[in-house]
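**Student:** Contents are CSV, C-alpha atoms; file name structure-v2.csv:
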chain,number,residue,atom,x,y,z
A,1,MET,CA,126.0,60.3,90.0
A,2,SER,CA,126.9,57.1,88.2
A,3,ASN,CA,128.0,56.9,84.5
A,4,LEU,CA,124.7,55.2,83.7
A,5,GLN,CA,122.7,58.0,85.3
A,6,ILE,CA,124.7,60.6,83.4
A,7,SER,CA,124.2,58.7,80.1
A,8,LEU,CA,120.5,58.5,80.6
A,9,LEU,CA,120.3,62.2,81.5
A,10,VAL,CA,122.2,63.1,78.3
A,11,VAL,CA,120.0,60.8,76.2
A,12,GLY,CA,116.9,62.4,77.7
A,13,VAL,CA,118.1,65.9,76.9
A,14,LEU,CA,118.9,64.9,73.3
A,15,VAL,CA,115.4,63.4,72.9
A,16,VAL,CA,113.8,66.6,74.2
A,17,ILE,CA,115.9,68.7,71.9
A,18,GLY,CA,115.0,66.4,69.0
A,19,VAL,CA,111.3,66.7,69.6
A,20,TYR,CA,111.5,70.4,69.9
A,21,PHE,CA,113.5,70.7,66.7
A,22,TYR,CA,111.0,68.4,64.9
A,23,ASN,CA,108.0,70.5,66.0
A,24,TRP,CA,109.9,73.7,65.1
A,25,ARG,CA,110.6,72.4,61.6
A,26,GLN,CA,107.0,71.3,61.0
A,27,GLU,CA,105.7,74.7,62.1
A,28,ARG,CA,108.1,76.5,59.7
A,29,GLN,CA,107.0,74.2,56.9
A,30,PHE,CA,103.3,75.0,57.7
A,31,HIS,CA,103.9,78.8,57.7
A,32,ARG,CA,105.9,78.6,54.5
A,33,ARG,CA,103.1,76.7,52.8
A,34,VAL,CA,100.6,79.4,53.9
A,35,GLU,CA,102.9,82.3,52.8
A,36,GLN,CA,103.4,80.7,49.4
A,37,ALA,CA,99.7,80.3,48.9
A,38,PHE,CA,98.8,83.8,50.1
A,39,ALA,CA,101.8,86.1,49.6
A,40,ARG,CA,99.4,89.1,49.5
A,41,GLU,CA,97.6,89.8,52.7
A,42,HIS,CA,93.9,88.8,52.6
A,43,PRO,CA,91.3,91.1,54.2
A,44,ASP,CA,89.0,89.6,56.7
A,45,VAL,CA,85.5,89.5,55.2
A,46,LEU,CA,84.0,89.5,58.6
A,47,LEU,CA,85.6,92.8,59.6
A,48,THR,CA,85.6,94.6,56.2
A,49,GLU,CA,82.5,96.7,55.4
A,50,PRO,CA,80.9,95.5,52.2
A,51,ALA,CA,81.6,97.7,49.2
A,52,VAL,CA,79.2,98.4,46.5
A,53,ALA,CA,80.3,96.8,43.2
A,54,PRO,CA,81.0,99.4,40.6
A,55,ALA,CA,79.4,99.4,37.2
A,56,PRO,CA,82.0,98.7,34.4
A,57,ALA,CA,82.9,101.7,32.3
A,58,ASP,CA,82.6,101.3,28.6
A,59,VAL,CA,85.9,102.8,27.4
A,60,PRO,CA,87.5,104.5,30.4
A,61,GLU,CA,90.8,106.3,29.6
A,62,MET,CA,92.6,105.5,32.9
A,63,ARG,CA,92.0,103.8,36.2
A,64,VAL,CA,93.1,106.1,39.0
A,65,GLU,CA,91.2,104.2,41.7
A,66,PRO,CA,90.6,100.5,41.0
A,67,GLN,CA,87.6,100.3,43.2
A,68,MET,CA,85.8,102.9,41.0
A,69,GLN,CA,86.9,101.9,37.5
A,70,PRO,CA,88.0,98.2,37.5
A,71,ALA,CA,87.5,97.8,33.7
A,72,SER,CA,90.1,100.4,32.6
A,73,VAL,CA,93.0,98.1,31.9
A,74,SER,CA,93.6,98.2,28.2
A,75,LEU,CA,93.1,94.8,26.5
A,76,GLU,CA,96.0,95.5,24.1
A,77,PRO,CA,99.2,97.5,24.7
A,78,PRO,CA,99.1,100.3,22.2
A,79,SER,CA,102.6,99.8,20.8
A,80,VAL,CA,102.2,96.1,19.9
A,81,SER,CA,100.6,95.0,16.7
A,82,ALA,CA,97.3,93.2,17.0
A,83,ALA,CA,97.1,92.0,13.4
A,84,ARG,CA,97.4,88.4,14.6
A,85,ILE,CA,95.6,86.7,17.5
A,86,SER,CA,97.9,85.7,20.3
A,87,PRO,CA,97.7,82.1,21.6
A,88,ALA,CA,95.4,81.6,24.6
A,89,SER,CA,98.4,81.5,27.0
A,90,ILE,CA,99.4,85.1,26.1
A,91,ASP,CA,97.1,87.8,27.5
A,92,ALA,CA,97.7,91.4,26.6
A,93,VAL,CA,96.1,92.5,29.9
A,94,ILE,CA,98.5,90.7,32.2
A,95,ASP,CA,101.6,90.2,29.9
A,96,TYR,CA,104.2,92.6,28.6
A,97,VAL,CA,104.8,91.5,25.0
A,98,VAL,CA,107.9,91.9,22.8
A,99,GLU,CA,107.4,90.8,19.1
A,100,VAL,CA,110.3,89.7,17.0
A,101,GLU,CA,110.5,89.1,13.2
A,102,LEU,CA,113.4,87.2,11.7
A,103,ASP,CA,114.4,86.8,8.1
A,104,VAL,CA,115.7,83.2,8.7
A,105,PRO,CA,114.1,80.6,11.0
A,106,THR,CA,116.1,80.4,14.2
A,107,ASN,CA,116.1,78.1,17.2
A,108,LEU,CA,115.4,80.1,20.4
A,109,THR,CA,116.3,77.6,23.1
A,110,ASN,CA,119.1,79.7,24.5
A,111,VAL,CA,117.2,83.0,24.7
A,112,TYR,CA,114.2,81.2,26.2
A,113,LEU,CA,116.3,79.6,29.0
A,114,GLY,CA,117.8,83.0,29.7
A,115,LEU,CA,114.4,84.7,29.9
A,116,ARG,CA,113.2,81.9,32.2
A,117,THR,CA,116.1,82.5,34.5
A,118,LEU,CA,115.4,86.2,34.7
A,119,ALA,CA,111.7,85.7,35.3
A,120,ASP,CA,112.2,82.9,37.9
A,121,GLY,CA,114.2,85.5,39.9
A,122,TRP,CA,111.2,87.8,39.8
A,123,ARG,CA,108.7,85.1,40.5
A,124,LYS,CA,106.9,85.8,37.2
A,125,ALA,CA,105.9,83.6,34.2
A,126,VAL,CA,107.3,83.8,30.7
A,127,VAL,CA,105.4,82.6,27.6
A,128,VAL,CA,106.9,82.3,24.1
A,129,ALA,CA,104.9,81.7,21.0
A,130,GLY,CA,105.8,81.3,17.3
A,131,TYR,CA,103.6,82.1,14.3
A,132,ASP,CA,102.7,79.0,12.2
A,133,GLU,CA,102.2,80.2,8.6
A,134,GLN,CA,100.5,76.9,7.6
A,135,THR,CA,97.8,77.1,10.3
A,136,ALA,CA,97.8,80.9,10.6
A,137,THR,CA,98.0,80.5,14.4
A,138,TRP,CA,100.3,81.3,17.2
A,139,VAL,CA,101.7,78.1,18.9
A,140,SER,CA,103.8,77.5,21.9
A,141,ALA,CA,107.5,77.7,21.2
A,142,ALA,CA,108.7,77.4,24.8
A,143,ASN,CA,110.9,74.3,24.3
A,144,GLY,CA,113.0,75.7,21.5
A,145,ASP,CA,111.3,73.5,18.9
A,146,SER,CA,110.8,76.5,16.7
A,147,ASP,CA,113.1,76.2,13.6
A,148,ALA,CA,110.1,76.6,11.3
A,149,TYR,CA,109.1,80.0,12.7
A,150,THR,CA,110.3,83.5,11.9
A,151,ASP,CA,107.8,85.5,13.9
A,152,PHE,CA,107.8,85.3,17.7
A,153,ARG,CA,106.1,86.8,20.7
A,154,PHE,CA,107.8,86.9,24.1
A,155,ALA,CA,105.5,87.6,27.0
A,156,LEU,CA,106.3,88.4,30.6
A,157,GLN,CA,103.5,88.4,33.2
A,158,ILE,CA,103.4,91.8,34.9
A,159,SER,CA,101.6,90.9,38.1
A,160,ASN,CA,100.7,88.1,40.4
A,161,ARG,CA,100.5,87.5,44.2
A,162,ALA,CA,104.2,88.2,44.5
A,163,GLY,CA,103.4,91.8,43.4
A,164,CYS,CA,103.8,93.8,40.2
A,165,ILE,CA,106.8,93.8,37.9
A,166,GLY,CA,109.4,96.6,38.3
A,167,GLN,CA,110.1,99.0,35.5
A,168,HIS,CA,113.8,98.0,35.5
A,169,GLN,CA,112.7,94.3,35.2
A,170,LEU,CA,110.6,95.1,32.1
A,171,ILE,CA,113.6,96.9,30.6
A,172,ALA,CA,115.9,93.9,31.3
A,173,PHE,CA,113.4,91.5,29.7
A,174,ARG,CA,112.9,93.8,26.7
A,175,ASP,CA,116.6,94.3,26.2
A,176,ALA,CA,117.4,90.6,26.4
A,177,VAL,CA,114.9,89.8,23.7
A,178,MET,CA,116.1,92.7,21.5
A,179,LYS,CA,119.7,91.7,21.8
A,180,TRP,CA,118.8,88.2,20.7
A,181,ALA,CA,116.9,89.6,17.7
A,182,GLU,CA,119.9,91.8,16.7
A,183,ARG,CA,122.2,88.8,16.9
A,184,ASN,CA,119.9,87.0,14.5
A,185,GLU,CA,119.4,90.0,12.2
A,186,GLY,CA,115.8,90.4,13.3
A,187,ARG,CA,113.6,93.3,14.2
A,188,ALA,CA,111.9,93.7,17.5
A,189,ARG,CA,109.0,95.9,18.7
A,190,SER,CA,107.5,96.2,22.1
A,191,ALA,CA,105.0,98.2,24.2
A,192,ASP,CA,106.3,101.3,26.0
A,193,VAL,CA,107.9,100.3,29.2
A,194,ALA,CA,106.5,103.1,31.3
A,195,GLU,CA,103.0,102.5,30.1
A,196,ALA,CA,103.4,98.8,30.8
A,197,HIS,CA,104.6,99.4,34.3
A,198,ASP,CA,101.7,101.8,35.0
A,199,ARG,CA,99.4,99.1,33.8
A,200,ALA,CA,101.1,96.6,36.1
A,201,VAL,CA,100.7,98.9,39.1
A,202,GLN,CA,97.0,99.5,38.4
A,203,LEU,CA,96.4,95.8,37.9
A,204,ASP,CA,98.2,94.9,41.1
A,205,ARG,CA,96.0,97.5,43.0
A,206,PHE,CA,92.9,96.0,41.6
A,207,CYS,CA,93.9,92.5,42.4
A,208,ALA,CA,94.8,93.4,46.0
A,209,ASP,CA,91.3,94.9,46.4
A,210,VAL,CA,89.6,91.7,45.5
A,211,ASP,CA,92.1,89.2,46.9
A,212,ILE,CA,90.2,87.7,49.8
A,213,ALA,CA,90.0,84.3,51.4
A,214,ILE,CA,87.1,83.0,53.5
A,215,GLY,CA,88.0,80.9,56.5
A,216,VAL,CA,85.7,78.8,58.7
A,217,ASN,CA,87.0,76.9,61.7
A,218,VAL,CA,85.7,73.9,63.6
A,219,ILE,CA,87.1,74.0,67.1
A,220,ALA,CA,87.0,71.2,69.7
A,221,ARG,CA,85.5,71.8,73.1
A,222,GLU,CA,88.0,72.5,75.9
A,223,GLY,CA,89.9,69.3,76.9
A,224,VAL,CA,88.7,67.4,73.8
A,225,SER,CA,90.6,66.7,70.6
A,226,PHE,CA,89.6,65.5,67.1
A,227,ALA,CA,91.1,62.2,66.1
A,228,GLY,CA,93.0,62.2,62.8
A,229,THR,CA,91.3,58.9,61.7
A,230,LYS,CA,87.9,60.4,62.1
A,231,VAL,CA,88.9,63.7,60.4
A,232,ARG,CA,90.2,61.7,57.4
A,233,ALA,CA,87.1,59.5,57.3
A,234,LEU,CA,84.8,62.6,57.3
A,235,ALA,CA,86.9,64.4,54.7
A,236,GLU,CA,86.9,61.5,52.3
A,237,ALA,CA,83.2,60.9,52.8
A,238,ALA,CA,82.6,64.6,51.8
A,239,GLY,CA,84.7,64.1,48.6
A,240,LEU,CA,87.9,65.8,49.9
A,241,LYS,CA,91.3,64.2,49.0
A,242,LEU,CA,94.5,64.6,50.9
A,243,ALA,CA,97.2,66.2,48.7
A,244,SER,CA,101.0,66.3,48.9
A,245,ASP,CA,100.8,69.7,50.5
A,246,GLY,CA,99.3,68.2,53.7
A,247,VAL,CA,95.9,69.7,53.0
A,248,PHE,CA,92.6,68.1,52.0
A,249,HIS,CA,91.2,69.5,48.7
A,250,LEU,CA,87.7,69.4,47.3
A,251,CYS,CA,88.1,69.7,43.6
A,252,SER,CA,85.7,70.4,40.7
A,253,ASP,CA,85.1,67.9,37.9
A,254,GLU,CA,87.9,69.8,36.0
A,255,GLY,CA,90.4,69.2,38.9
A,256,ASP,CA,90.4,72.8,40.2
A,257,THR,CA,90.4,73.3,44.0
A,258,LEU,CA,87.1,74.6,45.3
A,259,PHE,CA,88.1,74.8,49.0
A,260,THR,CA,90.6,73.2,51.3
A,261,LEU,CA,90.6,71.6,54.8
A,262,ASP,CA,93.7,72.2,56.8
A,263,ASN,CA,94.8,71.5,60.4
A,264,HIS,CA,94.1,74.5,62.6
A,265,GLU,CA,97.3,73.6,64.4
A,266,PRO,CA,100.8,74.2,62.8
A,267,MET,CA,101.1,70.6,61.6
A,268,PRO,CA,100.2,69.4,58.1
A,269,PHE,CA,98.1,66.3,57.6
A,270,VAL,CA,100.5,63.5,56.7
A,271,PRO,CA,98.9,60.1,55.5
A,272,GLU,CA,101.3,58.1,57.7
A,273,GLN,CA,100.5,60.1,60.8
A,274,MET,CA,96.7,60.4,60.6
A,275,LYS,CA,96.2,57.3,62.8
A,276,THR,CA,98.0,58.9,65.7
A,277,LEU,CA,97.3,62.6,65.0
A,278,THR,CA,94.9,64.6,67.2
A,279,THR,CA,94.0,68.2,66.8
A,280,SER,CA,92.1,70.9,68.6
A,281,GLY,CA,90.6,72.4,65.4
A,282,LEU,CA,90.2,72.4,61.6
A,283,THR,CA,90.2,75.2,59.1
A,284,PHE,CA,88.1,75.3,55.9
A,285,LEU,CA,89.4,77.9,53.4
A,286,LEU,CA,88.0,79.3,50.2
A,287,ASP,CA,90.5,81.2,48.0
A,288,VAL,CA,87.9,83.4,46.3
A,289,PRO,CA,89.7,84.7,43.2
A,290,ARG,CA,90.8,81.2,42.1
A,291,VAL,CA,87.4,79.6,42.3
A,292,ALA,CA,84.7,79.6,39.6
A,293,GLY,CA,81.3,80.2,41.2
A,294,PRO,CA,82.7,81.1,44.6
A,295,ALA,CA,79.2,81.6,46.0
A,296,ARG,CA,78.3,78.0,45.3
A,297,ALA,CA,81.6,76.8,46.6
A,298,PHE,CA,81.1,78.8,49.9
A,299,ALA,CA,77.7,77.2,50.3
A,300,VAL,CA,79.2,73.7,50.0
A,301,MET,CA,82.1,74.6,52.3
A,302,LEU,CA,79.8,76.0,54.9
A,303,ALA,CA,77.5,72.9,54.8
A,304,THR,CA,80.5,70.6,55.0
A,305,ALA,CA,81.9,72.5,58.0
A,306,ARG,CA,78.6,72.3,59.7
A,307,ASP,CA,78.5,68.5,59.2
A,308,PHE,CA,82.0,68.2,60.7
A,309,ALA,CA,81.0,70.3,63.7
A,310,ALA,CA,77.9,68.3,64.3
A,311,THR,CA,79.7,64.9,63.9
A,312,LEU,CA,82.8,65.8,65.8
A,313,GLY,CA,81.0,67.8,68.5
A,314,GLY,CA,82.9,70.9,67.7
A,315,THR,CA,81.9,74.6,67.3
A,316,LEU,CA,81.8,76.6,64.1
A,317,VAL,CA,83.8,79.9,64.7
A,318,ASP,CA,85.6,82.6,62.8
A,319,ASP,CA,89.3,83.4,63.0
A,320,ASN,CA,88.7,85.3,66.3
A,321,ARG,CA,87.1,82.2,67.8
A,322,THR,CA,83.7,83.9,67.8
A,323,ALA,CA,80.7,81.7,67.1
A,324,LEU,CA,79.7,82.0,63.4
A,325,SER,CA,76.2,83.5,63.6
A,326,GLU,CA,73.7,83.7,60.7
A,327,THR,CA,74.3,87.5,60.7
A,328,ALA,CA,78.1,86.9,60.2
A,329,ILE,CA,77.4,84.4,57.4
A,330,GLU,CA,75.1,86.8,55.6
A,331,LYS,CA,77.8,89.4,55.8
A,332,ILE,CA,80.2,87.0,54.2
A,333,ARG,CA,77.7,86.3,51.4
A,334,THR,CA,77.3,90.1,50.8
A,335,GLN,CA,81.0,90.7,50.7
A,336,LEU,CA,81.5,87.7,48.4
A,337,ALA,CA,78.9,88.9,46.0
A,338,ASN,CA,80.5,92.3,45.8
A,339,VAL,CA,83.9,90.9,45.1
A,340,VAL,CA,82.6,88.6,42.4
A,341,ALA,CA,80.8,91.5,40.8
A,342,LYS,CA,83.9,93.7,40.9
A,343,MET,CA,86.0,91.0,39.3
A,344,GLU,CA,83.4,90.5,36.5
A,345,ALA,CA,83.4,94.3,35.9
A,346,GLY,CA,87.2,94.3,35.8
A,347,ARG,CA,87.1,91.5,33.2
A,348,ILE,CA,88.9,89.1,35.5
A,349,PRO,CA,86.2,86.7,36.5
A,350,ALA,CA,86.9,84.5,39.5
A,351,GLY,CA,88.3,81.1,38.6
A,352,GLY,CA,88.9,82.1,35.0
A,353,ALA,CA,92.2,81.6,33.2
A,354,ARG,CA,93.2,85.2,33.8
A,355,ALA,CA,92.5,85.0,37.5
A,356,LEU,CA,94.3,81.7,37.9
A,357,ARG,CA,97.4,83.3,36.5
A,358,LEU,CA,97.1,86.6,38.5
A,359,PHE,CA,96.3,85.0,41.8
A,360,SER,CA,99.2,82.5,41.8
What does the file become when written as structure tokens?

**Tutor:**
Amino acid sequence: MSNLQISLLVVGVLVVIGVYFYNWRQERQFHRRVEQAFAREHPDVLLTEPAVAPAPADVPEMRVEPQMQPASVSLEPPSVSAARISPASIDAVIDYVVEVELDVPTNLTNVYLGLRTLADGWRKAVVVAGYDEQTATWVSAANGDSDAYTDFRFALQISNRAGCIGQHQLIAFRDAVMKWAERNEGRARSADVAEAHDRAVQLDRFCADVDIAIGVNVIAREGVSFAGTKVRALAEAAGLKLASDGVFHLCSDEGDTLFTLDNHEPMPFVPEQMKTLTTSGLTFLLDVPRVAGPARAFAVMLATARDFAATLGGTLVDDNRTALSETAIEKIRTQLANVVAKMEAGRIPAGGARALRLFS
């Protein structure tokens, strides 16, 4: 074998390895994107039996089973003063609050950065507010621009799609705030940690019970593929826009995502590659808890998916590649209505500010 043949053979092997590595990297990015969006496992609405939505209890003492008593989370932790109204970004249902009162106005930049570092490690949000005596309102004090304030509220979100907060994490958060208050000759008070952790566990169970996504797939016939250029043209004609996450989004007038259109294959949609891309299928996805009016959004998504199937010559199927019948669609609508009712009864309406924080 000549040197030229050997060189060509080596080059060919390197090209094959390079292509394999590129595809492997793209697939990992796709799965990471899906895991980040849906850290909690979503039940399949086509396989789950519809549950009857519970009626909200007026003043239940404790929620032992979220499915039966979704409204039992207390709106205000009992150990925290409710004399003043918290800013909109602090929610006593989903936040653990520590209040601090100082004798002398003090800048809180250092403690805020420290708390953010803690919370980032737990994948939880931190909100800090200062009380403005002139306007008699709580205002954001997150950036340390708070020299005029002596009263603060430090809030740690107790649950989201990453799970509920741990009791030791609540203690660490509370102690960090209290030590800062002591150094500044202030006084701190907080909700009981054990009670707050119980509330976090109950909230997480409730959220897991209603955290569903509805997926509808348009699959190409065997031996046929959908051209990326045609997919993009149809998507844009339907009002969907390609975002930086490699997924098309249909957004409301307020800019909130109603549903998404993703590549059914493990390859994101990239603007520069749409002209050469082909795919065997498309996935429409509705993240129910994060959408206001999910029933209307589902109707639009289903109509859009049907238009795609008709134009592209594809078939509308579920995740098991079973043709989506009217019976299956009606089952989805029933399950969706039950989930929406359950979220309303639990005072966490789909697409509301509270839901957007919890299901993030």

**Student:** Could you tell me which of A:Pro266, A:Gly228, A:Gly163, A:Gly255 comes closest to A:Val201 if we count only C-alpha atoms?

**Tutor:**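 The answer is A:Gly163, which sits nearest to A:Val201.
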
**Student:** Looking at A:Arg296, A:Arg347, A:Arg232, A:Arg221, which one is nearest to A:Ile94, with distances taken over all atoms listed in the file?

**Tutor:**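 Nearest to A:Ile94: A:Arg347.
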
**Student:** I'd like a table as a tab-separated table: residues in stretch 237-302 of chain A with an atom no more than 10 Å from stretch 311-325 of chain A, each row giving the shortest atom pair and its distance in Å to one decimal, all atoms listed in the file counted, sorted by chain and rising residue number.

**Tutor:**
residue	atom	partner	partner_atom	distance
A:Ser280	CA	A:Gly314	CA	9.2
A:Gly281	CA	A:Gly314	CA	8.2
A:Leu282	CA	A:Gly314	CA	9.6
A:Thr283	CA	A:Asp319	CA	9.1
A:Leu302	CA	A:Leu316	CA	9.4

**Student:** Which residues come within 8 Å of stretch 165-179 of chain A, counting all atoms listed in the file, excluding same-chain residues fewer than 3 positions away, as a compact mmCIF listing (two decimals) with C-alpha atoms, in the coordinates of the input?

**Tutor:**
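Output saved as part02.txt:
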# COMPACT_ATOMS: atom_id res chain seq x y z
CA TYR A 96 104.20 92.60 28.60
CA VAL A 98 107.90 91.90 22.80
CA VAL A 100 110.30 89.70 17.00
CA VAL A 111 117.20 83.00 24.70
CA LEU A 115 114.40 84.70 29.90
CA LEU A 118 115.40 86.20 34.70
CA TRP A 122 111.20 87.80 39.80
CA PHE A 154 107.80 86.90 24.10
CA LEU A 156 106.30 88.40 30.60
CA GLN A 157 103.50 88.40 33.20
CA ILE A 158 103.40 91.80 34.90
CA SER A 159 101.60 90.90 38.10
CA GLU A 182 119.90 91.80 16.70
CA ARG A 183 122.20 88.80 16.90
CA ARG A 187 113.60 93.30 14.20
CA ALA A 188 111.90 93.70 17.50
CA SER A 190 107.50 96.20 22.10
CA VAL A 193 107.90 100.30 29.20
CA ALA A 194 106.50 103.10 31.30
CA HIS A 197 104.60 99.40 34.30
CA ALA A 200 101.10 96.60 36.10

**Student:** As an NGL selection string, please: the residues near A:Ala355 (cut-off 9 Å, only C-alpha atoms, same-chain neighbours under 6 positions excluded).

**Tutor:** :A and (289-291 or 348-349)

**Student:** Let me know the centre plus edge lengths, in Å and rounded to one decimal, of a box with edges along x, y and z that contains all listed atoms of stretch 207-213 of chain A and is padded by 5 Å on every side, as lines of an AutoDock Vina configuration file.

**Tutor:**
center_x = 92.2
center_y = 89.6
center_z = 46.9
size_x = 15.2
size_y = 20.6
size_z = 19.0

**Student:** What's the separation between atom CA of A:Lys331 and atom CA of A:Ile214, in Å to one decimal place?

**Tutor:**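 Computed distance, atom CA of A:Lys331 to atom CA of A:Ile214, equals 11.5 Å.
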
**Student:** Hey, can you check how far atom CA of A:Ile219 sits from atom CA of A:Phe284?

**Tutor:**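 The value is 11.3 Å.
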
**Student:** What does the distance between atom CA of A:Arg116 and atom CA of A:Ala155 come to in Å, to one decimal place?

**Tutor:**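 Spanning atom CA of A:Arg116 to atom CA of A:Ala155 is a straight-line distance of 10.9 Å.
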
**Student:** My list of candidates is A:Ser225, A:Thr334, A:Asn217, A:Ala309. Which is closest to A:Leu285 when distances are computed with only C-alpha atoms?

**Tutor:** A:Asn217

**Student:** Counting only C-alpha atoms, which of A:Val224, A:Ala337, A:Ala292, A:Ala303 gets nearest to A:Glu254?

**Tutor:** A:Ala292

**Student:** Restricting the calculation to only C-alpha atoms: of A:Ile329, A:Leu358, A:Leu336, A:Leu242, which residue gets closest to A:Arg205?

**Tutor:**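 Under the stated criterion, the closest residue is A:Leu358.
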
**Student:** Find the residues near stretch 125-132 of chain A: any atom within 9 Å, counting only C-alpha atoms, skip ones fewer than 5 places away on the same chain, and give them as a ChimeraX atom specification.

**Tutor:** /A:84,86-87,89-90,95,112,115-116,119-120,137-143,146,148-158,357

**Student:** Which residue out of A:Ala353, A:Ala299, A:Leu286, A:Met343 has the minimum interatomic distance to A:Glu330 when only C-alpha atoms are used?

**Tutor:**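 Looking only at the distances to A:Glu330, the closest residue turns out to be A:Ala299.
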
**Student:** Complete stretch 300-317 of chain A with N, CA and C atoms (output as a CSV table (one decimal), in the frame of the given file).

**Tutor:**
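selection02.csv, written as the output of this step:
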chain,number,residue,atom,x,y,z
A,300,VAL,N,78.8,75.1,49.7
A,300,VAL,CA,79.2,73.7,50.0
A,300,VAL,C,80.1,73.6,51.1
A,301,MET,N,81.1,74.6,51.2
A,301,MET,CA,82.1,74.6,52.3
A,301,MET,C,81.4,74.8,53.6
A,302,LEU,N,80.5,75.7,53.7
A,302,LEU,CA,79.8,76.0,54.9
A,302,LEU,C,79.0,74.7,55.4
A,303,ALA,N,78.3,74.1,54.5
A,303,ALA,CA,77.5,72.9,54.8
A,303,ALA,C,78.4,71.8,55.3
A,304,THR,N,79.6,71.7,54.6
A,304,THR,CA,80.5,70.6,55.0
A,304,THR,C,81.1,70.9,56.4
A,305,ALA,N,81.4,72.2,56.7
A,305,ALA,CA,81.9,72.5,58.0
A,305,ALA,C,80.9,72.3,59.1
A,306,ARG,N,79.6,72.6,58.8
A,306,ARG,CA,78.6,72.3,59.7
A,306,ARG,C,78.4,70.8,60.0
A,307,ASP,N,78.6,70.0,59.0
A,307,ASP,CA,78.5,68.5,59.2
A,307,ASP,C,79.6,68.1,60.1
A,308,PHE,N,80.9,68.6,59.8
A,308,PHE,CA,82.0,68.2,60.7
A,308,PHE,C,81.8,68.6,62.1
A,309,ALA,N,81.3,69.9,62.3
A,309,ALA,CA,81.0,70.3,63.7
A,309,ALA,C,80.0,69.5,64.4
A,310,ALA,N,79.0,69.1,63.7
A,310,ALA,CA,77.9,68.3,64.3
A,310,ALA,C,78.4,66.9,64.6
A,311,THR,N,79.2,66.3,63.7
A,311,THR,CA,79.7,64.9,63.9
A,311,THR,C,80.8,64.8,64.9
A,312,LEU,N,81.7,65.8,64.9
A,312,LEU,CA,82.8,65.8,65.8
A,312,LEU,C,82.5,66.4,67.2
A,313,GLY,N,81.3,67.1,67.3
A,313,GLY,CA,81.0,67.8,68.5
A,313,GLY,C,81.8,69.1,68.7
A,314,GLY,N,82.1,69.7,67.6
A,314,GLY,CA,82.9,70.9,67.7
A,314,GLY,C,82.0,72.2,67.5
A,315,THR,N,82.6,73.3,67.5
A,315,THR,CA,81.9,74.6,67.3
A,315,THR,C,82.4,75.3,66.1
A,316,LEU,N,81.5,75.9,65.4
A,316,LEU,CA,81.8,76.6,64.1
A,316,LEU,C,82.2,78.1,64.6
A,317,VAL,N,83.4,78.5,64.3
A,317,VAL,CA,83.8,79.9,64.7
A,317,VAL,C,84.6,80.5,63.6
